[in-house]
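Here is the file target.txt (compact mmCIF, N, CA and C atoms).
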# COMPACT_ATOMS: atom_id res chain seq x y z
N MET T 1 11.36 -3.61 7.18
CA MET T 1 10.69 -4.69 6.48
C MET T 1 10.52 -4.27 5.01
N PRO T 2 10.82 -5.15 4.08
CA PRO T 2 10.66 -4.80 2.66
C PRO T 2 9.20 -4.49 2.31
N LEU T 3 9.03 -3.60 1.34
CA LEU T 3 7.70 -3.14 0.94
C LEU T 3 6.78 -4.29 0.55
N LEU T 4 7.26 -5.20 -0.30
CA LEU T 4 6.38 -6.29 -0.75
C LEU T 4 5.95 -7.18 0.41
N THR T 5 6.84 -7.41 1.36
CA THR T 5 6.48 -8.21 2.53
C THR T 5 5.42 -7.50 3.36
N ALA T 6 5.63 -6.21 3.60
CA ALA T 6 4.66 -5.44 4.40
C ALA T 6 3.29 -5.41 3.72
N LEU T 7 3.28 -5.16 2.41
CA LEU T 7 2.00 -5.14 1.70
C LEU T 7 1.36 -6.53 1.67
N GLY T 8 2.19 -7.56 1.55
CA GLY T 8 1.68 -8.93 1.58
C GLY T 8 1.01 -9.25 2.90
N LEU T 9 1.65 -8.86 3.98
CA LEU T 9 1.06 -9.11 5.30
C LEU T 9 -0.23 -8.32 5.49
N ALA T 10 -0.25 -7.08 4.99
CA ALA T 10 -1.47 -6.26 5.08
C ALA T 10 -2.59 -6.89 4.26
N SER T 11 -2.25 -7.43 3.09
CA SER T 11 -3.26 -8.07 2.24
C SER T 11 -3.82 -9.32 2.91
N ILE T 12 -2.96 -10.10 3.54
CA ILE T 12 -3.42 -11.29 4.27
C ILE T 12 -4.32 -10.87 5.43
N ALA T 13 -3.95 -9.79 6.12
CA ALA T 13 -4.78 -9.30 7.22
C ALA T 13 -6.15 -8.85 6.71
N LEU T 14 -6.18 -8.16 5.56
CA LEU T 14 -7.46 -7.78 4.96
C LEU T 14 -8.28 -9.02 4.62
N GLY T 15 -7.61 -10.03 4.12
CA GLY T 15 -8.30 -11.29 3.84
C GLY T 15 -8.90 -11.88 5.10
N ALA T 16 -8.16 -11.83 6.18
CA ALA T 16 -8.66 -12.37 7.45
C ALA T 16 -9.88 -11.58 7.94
N VAL T 17 -9.77 -10.27 7.94
CA VAL T 17 -10.87 -9.43 8.42
C VAL T 17 -12.08 -9.55 7.51
N SER T 18 -11.85 -9.67 6.20
CA SER T 18 -12.98 -9.77 5.27
C SER T 18 -13.73 -11.09 5.42
N GLY T 19 -13.16 -12.02 6.16
CA GLY T 19 -13.88 -13.25 6.47
C GLY T 19 -15.20 -12.97 7.17
N TRP T 20 -15.26 -11.87 7.89
CA TRP T 20 -16.52 -11.49 8.54
C TRP T 20 -17.60 -11.17 7.51
N LEU T 21 -17.20 -10.52 6.41
CA LEU T 21 -18.16 -10.25 5.34
C LEU T 21 -18.66 -11.55 4.71
N VAL T 22 -17.74 -12.49 4.56
CA VAL T 22 -18.12 -13.79 4.01
C VAL T 22 -19.11 -14.48 4.94
N LEU T 23 -18.86 -14.40 6.23
CA LEU T 23 -19.77 -14.98 7.21
C LEU T 23 -21.15 -14.35 7.12
N VAL T 24 -21.20 -13.02 7.07
CA VAL T 24 -22.49 -12.34 6.96
C VAL T 24 -23.17 -12.71 5.64
N ALA T 25 -22.40 -12.80 4.56
CA ALA T 25 -22.96 -13.13 3.25
C ALA T 25 -23.60 -14.52 3.24
N THR T 26 -23.04 -15.43 4.01
CA THR T 26 -23.59 -16.80 4.02
C THR T 26 -24.65 -16.99 5.10
N GLU T 27 -24.49 -16.33 6.23
CA GLU T 27 -25.41 -16.55 7.35
C GLU T 27 -26.55 -15.53 7.45
N ARG T 28 -26.30 -14.32 7.01
CA ARG T 28 -27.30 -13.25 7.12
C ARG T 28 -27.33 -12.40 5.84
N PRO T 29 -27.57 -13.02 4.69
CA PRO T 29 -27.53 -12.25 3.44
C PRO T 29 -28.56 -11.11 3.40
N GLN T 30 -29.62 -11.24 4.16
CA GLN T 30 -30.64 -10.19 4.18
C GLN T 30 -30.07 -8.87 4.71
N TRP T 31 -29.09 -8.94 5.60
CA TRP T 31 -28.44 -7.73 6.10
C TRP T 31 -27.78 -6.98 4.96
N LEU T 32 -27.17 -7.72 4.06
CA LEU T 32 -26.47 -7.10 2.93
C LEU T 32 -27.46 -6.59 1.88
N ARG T 33 -28.57 -7.29 1.71
CA ARG T 33 -29.58 -6.85 0.73
C ARG T 33 -30.11 -5.47 1.09
N ARG T 34 -30.17 -5.17 2.38
CA ARG T 34 -30.63 -3.84 2.80
C ARG T 34 -29.73 -2.74 2.28
N TRP T 35 -28.49 -3.06 1.99
CA TRP T 35 -27.52 -2.10 1.45
C TRP T 35 -27.46 -2.15 -0.07
N GLY T 36 -28.37 -2.92 -0.68
CA GLY T 36 -28.42 -3.01 -2.13
C GLY T 36 -27.47 -4.03 -2.72
N ILE T 37 -26.90 -4.88 -1.89
CA ILE T 37 -25.95 -5.89 -2.36
C ILE T 37 -26.73 -7.08 -2.89
N VAL T 38 -26.55 -7.36 -4.17
CA VAL T 38 -27.29 -8.45 -4.81
C VAL T 38 -26.41 -9.66 -5.11
N ALA T 39 -25.09 -9.50 -5.04
CA ALA T 39 -24.16 -10.59 -5.33
C ALA T 39 -23.12 -10.70 -4.21
N PRO T 40 -23.55 -11.14 -3.01
CA PRO T 40 -22.63 -11.19 -1.87
C PRO T 40 -21.47 -12.16 -2.05
N GLY T 41 -21.56 -13.08 -3.00
CA GLY T 41 -20.45 -14.00 -3.27
C GLY T 41 -19.20 -13.27 -3.72
N ARG T 42 -19.35 -12.05 -4.21
CA ARG T 42 -18.18 -11.26 -4.61
C ARG T 42 -17.28 -10.96 -3.42
N PHE T 43 -17.87 -10.90 -2.22
CA PHE T 43 -17.05 -10.68 -1.02
C PHE T 43 -16.12 -11.87 -0.78
N ARG T 44 -16.61 -13.07 -1.05
CA ARG T 44 -15.76 -14.27 -0.91
C ARG T 44 -14.62 -14.23 -1.92
N GLN T 45 -14.92 -13.78 -3.12
CA GLN T 45 -13.87 -13.67 -4.13
C GLN T 45 -12.79 -12.69 -3.70
N ALA T 46 -13.21 -11.54 -3.18
CA ALA T 46 -12.23 -10.55 -2.70
C ALA T 46 -11.43 -11.12 -1.53
N HIS T 47 -12.12 -11.77 -0.62
CA HIS T 47 -11.51 -12.39 0.55
C HIS T 47 -10.39 -13.35 0.13
N LEU T 48 -10.70 -14.26 -0.77
CA LEU T 48 -9.70 -15.23 -1.24
C LEU T 48 -8.58 -14.56 -2.02
N ASP T 49 -8.93 -13.57 -2.83
CA ASP T 49 -7.92 -12.88 -3.63
C ASP T 49 -6.96 -12.10 -2.75
N TRP T 50 -7.46 -11.47 -1.68
CA TRP T 50 -6.56 -10.76 -0.76
C TRP T 50 -5.54 -11.72 -0.14
N VAL T 51 -5.99 -12.89 0.27
CA VAL T 51 -5.07 -13.87 0.85
C VAL T 51 -4.06 -14.32 -0.20
N MET T 52 -4.54 -14.67 -1.40
CA MET T 52 -3.62 -15.14 -2.44
C MET T 52 -2.63 -14.07 -2.86
N MET T 53 -3.10 -12.86 -3.05
CA MET T 53 -2.20 -11.79 -3.47
C MET T 53 -1.17 -11.49 -2.38
N GLY T 54 -1.59 -11.57 -1.13
CA GLY T 54 -0.63 -11.37 -0.04
C GLY T 54 0.46 -12.42 -0.06
N LEU T 55 0.08 -13.66 -0.28
CA LEU T 55 1.07 -14.74 -0.36
C LEU T 55 1.99 -14.56 -1.56
N ILE T 56 1.43 -14.11 -2.68
CA ILE T 56 2.23 -13.85 -3.87
C ILE T 56 3.27 -12.77 -3.59
N LEU T 57 2.86 -11.69 -2.94
CA LEU T 57 3.80 -10.60 -2.63
C LEU T 57 4.94 -11.07 -1.73
N ILE T 58 4.60 -11.84 -0.72
CA ILE T 58 5.63 -12.35 0.19
C ILE T 58 6.56 -13.32 -0.54
N ALA T 59 5.98 -14.17 -1.37
CA ALA T 59 6.79 -15.13 -2.13
C ALA T 59 7.74 -14.41 -3.08
N ILE T 60 7.26 -13.38 -3.75
CA ILE T 60 8.13 -12.63 -4.67
C ILE T 60 9.27 -11.98 -3.91
N GLN T 61 8.96 -11.34 -2.79
CA GLN T 61 10.01 -10.68 -2.02
C GLN T 61 11.04 -11.69 -1.53
N THR T 62 10.59 -12.87 -1.16
CA THR T 62 11.50 -13.91 -0.67
C THR T 62 12.34 -14.50 -1.79
N ALA T 63 11.72 -14.77 -2.93
CA ALA T 63 12.41 -15.44 -4.03
C ALA T 63 13.26 -14.49 -4.89
N VAL T 64 12.79 -13.26 -5.05
CA VAL T 64 13.46 -12.31 -5.94
C VAL T 64 13.56 -10.95 -5.24
N PRO T 65 14.42 -10.84 -4.23
CA PRO T 65 14.44 -9.63 -3.41
C PRO T 65 14.94 -8.36 -4.11
N GLY T 66 15.71 -8.47 -5.16
CA GLY T 66 16.30 -7.28 -5.77
C GLY T 66 15.60 -6.80 -7.02
N LEU T 67 14.29 -6.76 -7.01
CA LEU T 67 13.54 -6.35 -8.20
C LEU T 67 13.74 -4.87 -8.53
N PRO T 68 13.82 -4.55 -9.81
CA PRO T 68 13.82 -3.14 -10.19
C PRO T 68 12.51 -2.47 -9.75
N GLY T 69 12.57 -1.21 -9.49
CA GLY T 69 11.40 -0.48 -9.00
C GLY T 69 10.19 -0.53 -9.91
N TRP T 70 10.41 -0.49 -11.23
CA TRP T 70 9.26 -0.49 -12.15
C TRP T 70 8.50 -1.81 -12.09
N ILE T 71 9.23 -2.91 -11.89
CA ILE T 71 8.57 -4.21 -11.78
C ILE T 71 7.80 -4.27 -10.46
N ARG T 72 8.46 -3.84 -9.41
CA ARG T 72 7.81 -3.84 -8.09
C ARG T 72 6.53 -2.99 -8.13
N ALA T 73 6.59 -1.83 -8.78
CA ALA T 73 5.42 -0.94 -8.85
C ALA T 73 4.26 -1.61 -9.58
N LEU T 74 4.55 -2.27 -10.70
CA LEU T 74 3.48 -2.95 -11.44
C LEU T 74 2.86 -4.07 -10.61
N VAL T 75 3.71 -4.84 -9.93
CA VAL T 75 3.21 -5.94 -9.10
C VAL T 75 2.34 -5.39 -7.96
N VAL T 76 2.80 -4.32 -7.34
CA VAL T 76 2.03 -3.73 -6.24
C VAL T 76 0.67 -3.24 -6.72
N VAL T 77 0.65 -2.51 -7.82
CA VAL T 77 -0.63 -2.01 -8.33
C VAL T 77 -1.57 -3.17 -8.65
N GLY T 78 -1.08 -4.16 -9.37
CA GLY T 78 -1.93 -5.29 -9.75
C GLY T 78 -2.44 -6.08 -8.56
N THR T 79 -1.58 -6.35 -7.59
CA THR T 79 -2.00 -7.18 -6.46
C THR T 79 -2.86 -6.42 -5.45
N ILE T 80 -2.79 -5.12 -5.46
CA ILE T 80 -3.65 -4.35 -4.56
C ILE T 80 -5.01 -4.08 -5.21
N VAL T 81 -5.00 -3.69 -6.46
CA VAL T 81 -6.25 -3.29 -7.12
C VAL T 81 -7.10 -4.50 -7.53
N ASN T 82 -6.49 -5.57 -8.02
CA ASN T 82 -7.29 -6.70 -8.50
C ASN T 82 -8.31 -7.21 -7.48
N PRO T 83 -7.94 -7.46 -6.22
CA PRO T 83 -8.97 -7.91 -5.27
C PRO T 83 -10.08 -6.88 -5.03
N LEU T 84 -9.72 -5.60 -5.09
CA LEU T 84 -10.71 -4.55 -4.87
C LEU T 84 -11.76 -4.52 -5.97
N LEU T 85 -11.41 -5.01 -7.15
CA LEU T 85 -12.34 -4.99 -8.28
C LEU T 85 -13.56 -5.88 -8.05
N PHE T 86 -13.47 -6.84 -7.14
CA PHE T 86 -14.63 -7.69 -6.84
C PHE T 86 -15.69 -6.94 -6.04
N LEU T 87 -15.28 -5.98 -5.23
CA LEU T 87 -16.22 -5.34 -4.30
C LEU T 87 -17.36 -4.60 -4.98
N PRO T 88 -17.10 -3.74 -5.98
CA PRO T 88 -18.24 -3.06 -6.60
C PRO T 88 -19.22 -4.03 -7.27
N LEU T 89 -18.73 -5.19 -7.70
CA LEU T 89 -19.59 -6.16 -8.37
C LEU T 89 -20.61 -6.78 -7.41
N ALA T 90 -20.42 -6.60 -6.12
CA ALA T 90 -21.40 -7.09 -5.14
C ALA T 90 -22.74 -6.36 -5.32
N TRP T 91 -22.68 -5.16 -5.89
CA TRP T 91 -23.90 -4.40 -6.13
C TRP T 91 -24.54 -4.74 -7.48
N GLY T 92 -23.93 -5.67 -8.21
CA GLY T 92 -24.52 -6.14 -9.46
C GLY T 92 -23.54 -6.11 -10.62
N ALA T 93 -23.79 -6.98 -11.58
CA ALA T 93 -22.89 -7.10 -12.73
C ALA T 93 -22.89 -5.85 -13.61
N HIS T 94 -23.94 -5.04 -13.49
CA HIS T 94 -24.01 -3.82 -14.30
C HIS T 94 -22.83 -2.88 -14.04
N VAL T 95 -22.21 -3.01 -12.89
CA VAL T 95 -21.08 -2.14 -12.53
C VAL T 95 -19.95 -2.27 -13.55
N LYS T 96 -19.74 -3.48 -14.05
CA LYS T 96 -18.61 -3.68 -14.97
C LYS T 96 -18.81 -3.01 -16.31
N GLU T 97 -19.99 -2.48 -16.56
CA GLU T 97 -20.22 -1.74 -17.80
C GLU T 97 -19.79 -0.28 -17.70
N HIS T 98 -19.56 0.19 -16.49
CA HIS T 98 -19.17 1.59 -16.31
C HIS T 98 -17.77 1.81 -16.86
N PRO T 99 -17.56 2.87 -17.63
CA PRO T 99 -16.25 3.09 -18.25
C PRO T 99 -15.09 3.23 -17.25
N VAL T 100 -15.36 3.81 -16.10
CA VAL T 100 -14.29 3.94 -15.10
C VAL T 100 -13.90 2.56 -14.57
N TYR T 101 -14.89 1.73 -14.29
CA TYR T 101 -14.60 0.37 -13.82
C TYR T 101 -13.81 -0.39 -14.87
N ARG T 102 -14.21 -0.27 -16.12
CA ARG T 102 -13.49 -0.96 -17.20
C ARG T 102 -12.06 -0.48 -17.32
N ALA T 103 -11.85 0.82 -17.24
CA ALA T 103 -10.51 1.39 -17.36
C ALA T 103 -9.61 0.92 -16.22
N VAL T 104 -10.14 0.96 -15.01
CA VAL T 104 -9.36 0.51 -13.85
C VAL T 104 -9.05 -0.98 -13.97
N THR T 105 -10.01 -1.76 -14.42
CA THR T 105 -9.81 -3.20 -14.59
C THR T 105 -8.71 -3.49 -15.60
N VAL T 106 -8.76 -2.85 -16.74
CA VAL T 106 -7.74 -3.06 -17.77
C VAL T 106 -6.37 -2.64 -17.25
N ALA T 107 -6.30 -1.49 -16.59
CA ALA T 107 -5.03 -1.01 -16.05
C ALA T 107 -4.47 -1.98 -15.01
N SER T 108 -5.32 -2.46 -14.12
CA SER T 108 -4.88 -3.35 -13.06
C SER T 108 -4.45 -4.71 -13.61
N PHE T 109 -5.25 -5.27 -14.50
CA PHE T 109 -4.89 -6.57 -15.09
C PHE T 109 -3.60 -6.46 -15.89
N THR T 110 -3.43 -5.34 -16.59
CA THR T 110 -2.20 -5.13 -17.34
C THR T 110 -1.01 -5.02 -16.40
N ALA T 111 -1.17 -4.27 -15.33
CA ALA T 111 -0.08 -4.14 -14.35
C ALA T 111 0.29 -5.49 -13.76
N ALA T 112 -0.71 -6.28 -13.39
CA ALA T 112 -0.44 -7.60 -12.81
C ALA T 112 0.21 -8.52 -13.83
N SER T 113 -0.32 -8.54 -15.04
CA SER T 113 0.20 -9.44 -16.07
C SER T 113 1.63 -9.09 -16.45
N VAL T 114 1.88 -7.83 -16.73
CA VAL T 114 3.23 -7.40 -17.11
C VAL T 114 4.17 -7.53 -15.92
N GLY T 115 3.73 -7.09 -14.76
CA GLY T 115 4.59 -7.12 -13.57
C GLY T 115 4.99 -8.53 -13.16
N LEU T 116 4.01 -9.43 -13.09
CA LEU T 116 4.33 -10.81 -12.67
C LEU T 116 5.15 -11.54 -13.72
N SER T 117 4.89 -11.25 -14.99
CA SER T 117 5.73 -11.84 -16.05
C SER T 117 7.15 -11.31 -15.96
N ALA T 118 7.28 -10.03 -15.69
CA ALA T 118 8.61 -9.41 -15.55
C ALA T 118 9.36 -9.98 -14.35
N VAL T 119 8.65 -10.31 -13.28
CA VAL T 119 9.29 -10.95 -12.13
C VAL T 119 9.93 -12.26 -12.57
N ALA T 120 9.18 -13.06 -13.31
CA ALA T 120 9.68 -14.36 -13.76
C ALA T 120 10.89 -14.17 -14.67
N VAL T 121 10.81 -13.26 -15.62
CA VAL T 121 11.93 -13.03 -16.52
C VAL T 121 13.15 -12.55 -15.75
N HIS T 122 12.94 -11.61 -14.85
CA HIS T 122 14.05 -11.07 -14.05
C HIS T 122 14.69 -12.18 -13.20
N ALA T 123 13.87 -13.04 -12.62
CA ALA T 123 14.40 -14.10 -11.75
C ALA T 123 15.17 -15.14 -12.55
N ILE T 124 14.70 -15.45 -13.74
CA ILE T 124 15.32 -16.49 -14.55
C ILE T 124 16.58 -15.97 -15.25
N ALA T 125 16.57 -14.70 -15.63
CA ALA T 125 17.71 -14.14 -16.40
C ALA T 125 18.98 -14.04 -15.60
Rewritten as structure tokens:
Amino acid sequence: MPLLTALGLASIALGAVSGWLVLVATERPQWLRRWGIVAPGRFRQAHLDWVMMGLILIAIQTAVPGLPGWIRALVVVGTIVNPLLFLPLAWGAHVKEHPVYRAVTVASFTAASVGLSAVAVHAIA
């Protein structure tokens, strides 16, 4: 199975399993507050992003199967890391002020932006 397809399916599976967090966040938010979680809606964002990124990975593999490795690497980094960036924010917006969080965010957004743009250019050229 191609790498992007496998990662896409894994991302969709994570989205499915993370639905339980969304359920707890909406039905029993007090359970999450005990763990210091002040913004449980971030779990819903991660949940939706995992599903969307998984679909994007599968679509790219289907539409443009012969991508150069550097493009594939950028797409993989961006689509894996971007949904994960929502999780620390569940503990509060102050997390995004941490220099490590900022660095990872910039790197991931750059990887996704350059990688997905490169997919389009490669497919059209």
| remark: For Arg72 of chain T, the closest of T:Leu14, T:Leu116, T:Met1, T:Val121 counting only C-alpha atoms is T:Leu116
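Distance annotation: of T:Ala93, T:Leu23, T:Thr105, T:His122, the residue with the minimal separation from Leu67 of chain T is T:His122; atom set is only N, CA and C atoms.
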Given the point (-5.4, -9.0, 2.9) in the file's coordinates, find the residues that have an atom at most 10 Å from it, counting only C-alpha atoms, and give them as a tab-separated table (two decimals) with N, CA and C atoms, in the frame of the given file.
chain	number	residue	atom	x	y	z
T	7	LEU	N	3.28	-5.16	2.41
T	7	LEU	CA	2.00	-5.14	1.70
T	7	LEU	C	1.36	-6.53	1.67
T	8	GLY	N	2.19	-7.56	1.55
T	8	GLY	CA	1.68	-8.93	1.58
T	8	GLY	C	1.01	-9.25	2.90
T	9	LEU	N	1.65	-8.86	3.98
T	9	LEU	CA	1.06	-9.11	5.30
T	9	LEU	C	-0.23	-8.32	5.49
T	10	ALA	N	-0.25	-7.08	4.99
T	10	ALA	CA	-1.47	-6.26	5.08
T	10	ALA	C	-2.59	-6.89	4.26
T	11	SER	N	-2.25	-7.43	3.09
T	11	SER	CA	-3.26	-8.07	2.24
T	11	SER	C	-3.82	-9.32	2.91
T	12	ILE	N	-2.96	-10.10	3.54
T	12	ILE	CA	-3.42	-11.29	4.27
T	12	ILE	C	-4.32	-10.87	5.43
T	13	ALA	N	-3.95	-9.79	6.12
T	13	ALA	CA	-4.78	-9.30	7.22
T	13	ALA	C	-6.15	-8.85	6.71
T	14	LEU	N	-6.18	-8.16	5.56
T	14	LEU	CA	-7.46	-7.78	4.96
T	14	LEU	C	-8.28	-9.02	4.62
T	15	GLY	N	-7.61	-10.03	4.12
T	15	GLY	CA	-8.30	-11.29	3.84
T	15	GLY	C	-8.90	-11.88	5.10
T	16	ALA	N	-8.16	-11.83	6.18
T	16	ALA	CA	-8.66	-12.37	7.45
T	16	ALA	C	-9.88	-11.58	7.94
T	17	VAL	N	-9.77	-10.27	7.94
T	17	VAL	CA	-10.87	-9.43	8.42
T	17	VAL	C	-12.08	-9.55	7.51
T	18	SER	N	-11.85	-9.67	6.20
T	18	SER	CA	-12.98	-9.77	5.27
T	18	SER	C	-13.73	-11.09	5.42
T	46	ALA	N	-13.21	-11.54	-3.18
T	46	ALA	CA	-12.23	-10.55	-2.70
T	46	ALA	C	-11.43	-11.12	-1.53
T	47	HIS	N	-12.12	-11.77	-0.62
T	47	HIS	CA	-11.51	-12.39	0.55
T	47	HIS	C	-10.39	-13.35	0.13
T	48	LEU	N	-10.70	-14.26	-0.77
T	48	LEU	CA	-9.70	-15.23	-1.24
T	48	LEU	C	-8.58	-14.56	-2.02
T	49	ASP	N	-8.93	-13.57	-2.83
T	49	ASP	CA	-7.92	-12.88	-3.63
T	49	ASP	C	-6.96	-12.10	-2.75
T	50	TRP	N	-7.46	-11.47	-1.68
T	50	TRP	CA	-6.56	-10.76	-0.76
T	50	TRP	C	-5.54	-11.72	-0.14
T	51	VAL	N	-5.99	-12.89	0.27
T	51	VAL	CA	-5.07	-13.87	0.85
T	51	VAL	C	-4.06	-14.32	-0.20
T	52	MET	N	-4.54	-14.67	-1.40
T	52	MET	CA	-3.62	-15.14	-2.44
T	52	MET	C	-2.63	-14.07	-2.86
T	53	MET	N	-3.10	-12.86	-3.05
T	53	MET	CA	-2.20	-11.79	-3.47
T	53	MET	C	-1.17	-11.49	-2.38
T	54	GLY	N	-1.59	-11.57	-1.13
T	54	GLY	CA	-0.63	-11.37	-0.04
T	54	GLY	C	0.46	-12.42	-0.06
T	55	LEU	N	0.08	-13.66	-0.28
T	55	LEU	CA	1.07	-14.74	-0.36
T	55	LEU	C	1.99	-14.56	-1.56
T	80	ILE	N	-2.79	-5.12	-5.46
T	80	ILE	CA	-3.65	-4.35	-4.56
T	80	ILE	C	-5.01	-4.08	-5.21
T	83	PRO	N	-7.94	-7.46	-6.22
T	83	PRO	CA	-8.97	-7.91	-5.27
T	83	PRO	C	-10.08	-6.88	-5.03
| message | Which polymer residues, whether protein, DNA or RNA, lie within 6 Å of the coordinate (-24.4, -11.7, -0.2) when you count all atoms listed in the file? List them as number ranges by chain, using the chain letters and numbers from the file. | response | T: 25-26, 29, 32, 37-41
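Shortest separation to Ser117 of chain T among T:Pro2, T:Gly78, T:Pro99, T:Gly19 occurs at residue T:Gly78, atoms counted being only C-alpha atoms.
Compared by their closest atoms to Val77 of chain T, and using only C-alpha atoms, the residues T:Ser113, T:Gln45, T:Thr5, T:Thr62 rank with T:Ser113 nearest.
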Given the block above, output segment 51-91 of chain T with C-alpha atoms as a tab-separated table (two decimals), in the first residue's frame.
chain	number	residue	atom	x	y	z
T	51	VAL	CA	-10.37	13.22	9.04
T	52	MET	CA	-9.75	16.00	6.52
T	53	MET	CA	-6.00	15.44	6.38
T	54	GLY	CA	-6.54	11.72	5.91
T	55	LEU	CA	-8.83	12.38	2.97
T	56	ILE	CA	-6.32	14.84	1.53
T	57	LEU	CA	-3.53	12.25	1.73
T	58	ILE	CA	-5.63	9.59	0.01
T	59	ALA	CA	-6.77	12.05	-2.66
T	60	ILE	CA	-3.20	13.12	-3.39
T	61	GLN	CA	-2.01	9.53	-3.69
T	62	THR	CA	-4.91	8.74	-6.02
T	63	ALA	CA	-4.63	11.86	-8.19
T	64	VAL	CA	-0.83	12.27	-8.28
T	65	PRO	CA	0.77	8.90	-7.51
T	66	GLY	CA	4.30	9.67	-8.73
T	67	LEU	CA	5.27	12.54	-6.44
T	68	PRO	CA	8.93	13.28	-5.82
T	69	GLY	CA	10.05	12.30	-2.34
T	70	TRP	CA	10.66	15.86	-1.14
T	71	ILE	CA	7.08	16.85	-1.95
T	72	ARG	CA	5.70	13.74	-0.31
T	73	ALA	CA	7.82	14.42	2.81
T	74	LEU	CA	6.53	17.98	3.15
T	75	VAL	CA	2.93	16.86	2.70
T	76	VAL	CA	3.35	14.09	5.27
T	77	VAL	CA	4.89	16.40	7.87
T	78	GLY	CA	2.23	19.06	7.38
T	79	THR	CA	-0.74	16.71	7.41
T	80	ILE	CA	0.46	14.78	10.44
T	81	VAL	CA	1.64	17.67	12.60
T	82	ASN	CA	-1.08	20.25	11.85
T	83	PRO	CA	-3.92	18.31	13.56
T	84	LEU	CA	-1.68	17.60	16.55
T	85	LEU	CA	-1.18	21.34	17.07
T	86	PHE	CA	-4.78	21.65	18.33
T	87	LEU	CA	-4.22	19.27	21.25
T	88	PRO	CA	-1.92	21.37	23.46
T	89	LEU	CA	-4.31	24.31	23.01
T	90	ALA	CA	-6.93	22.35	24.96
T	91	TRP	CA	-4.95	23.33	28.05
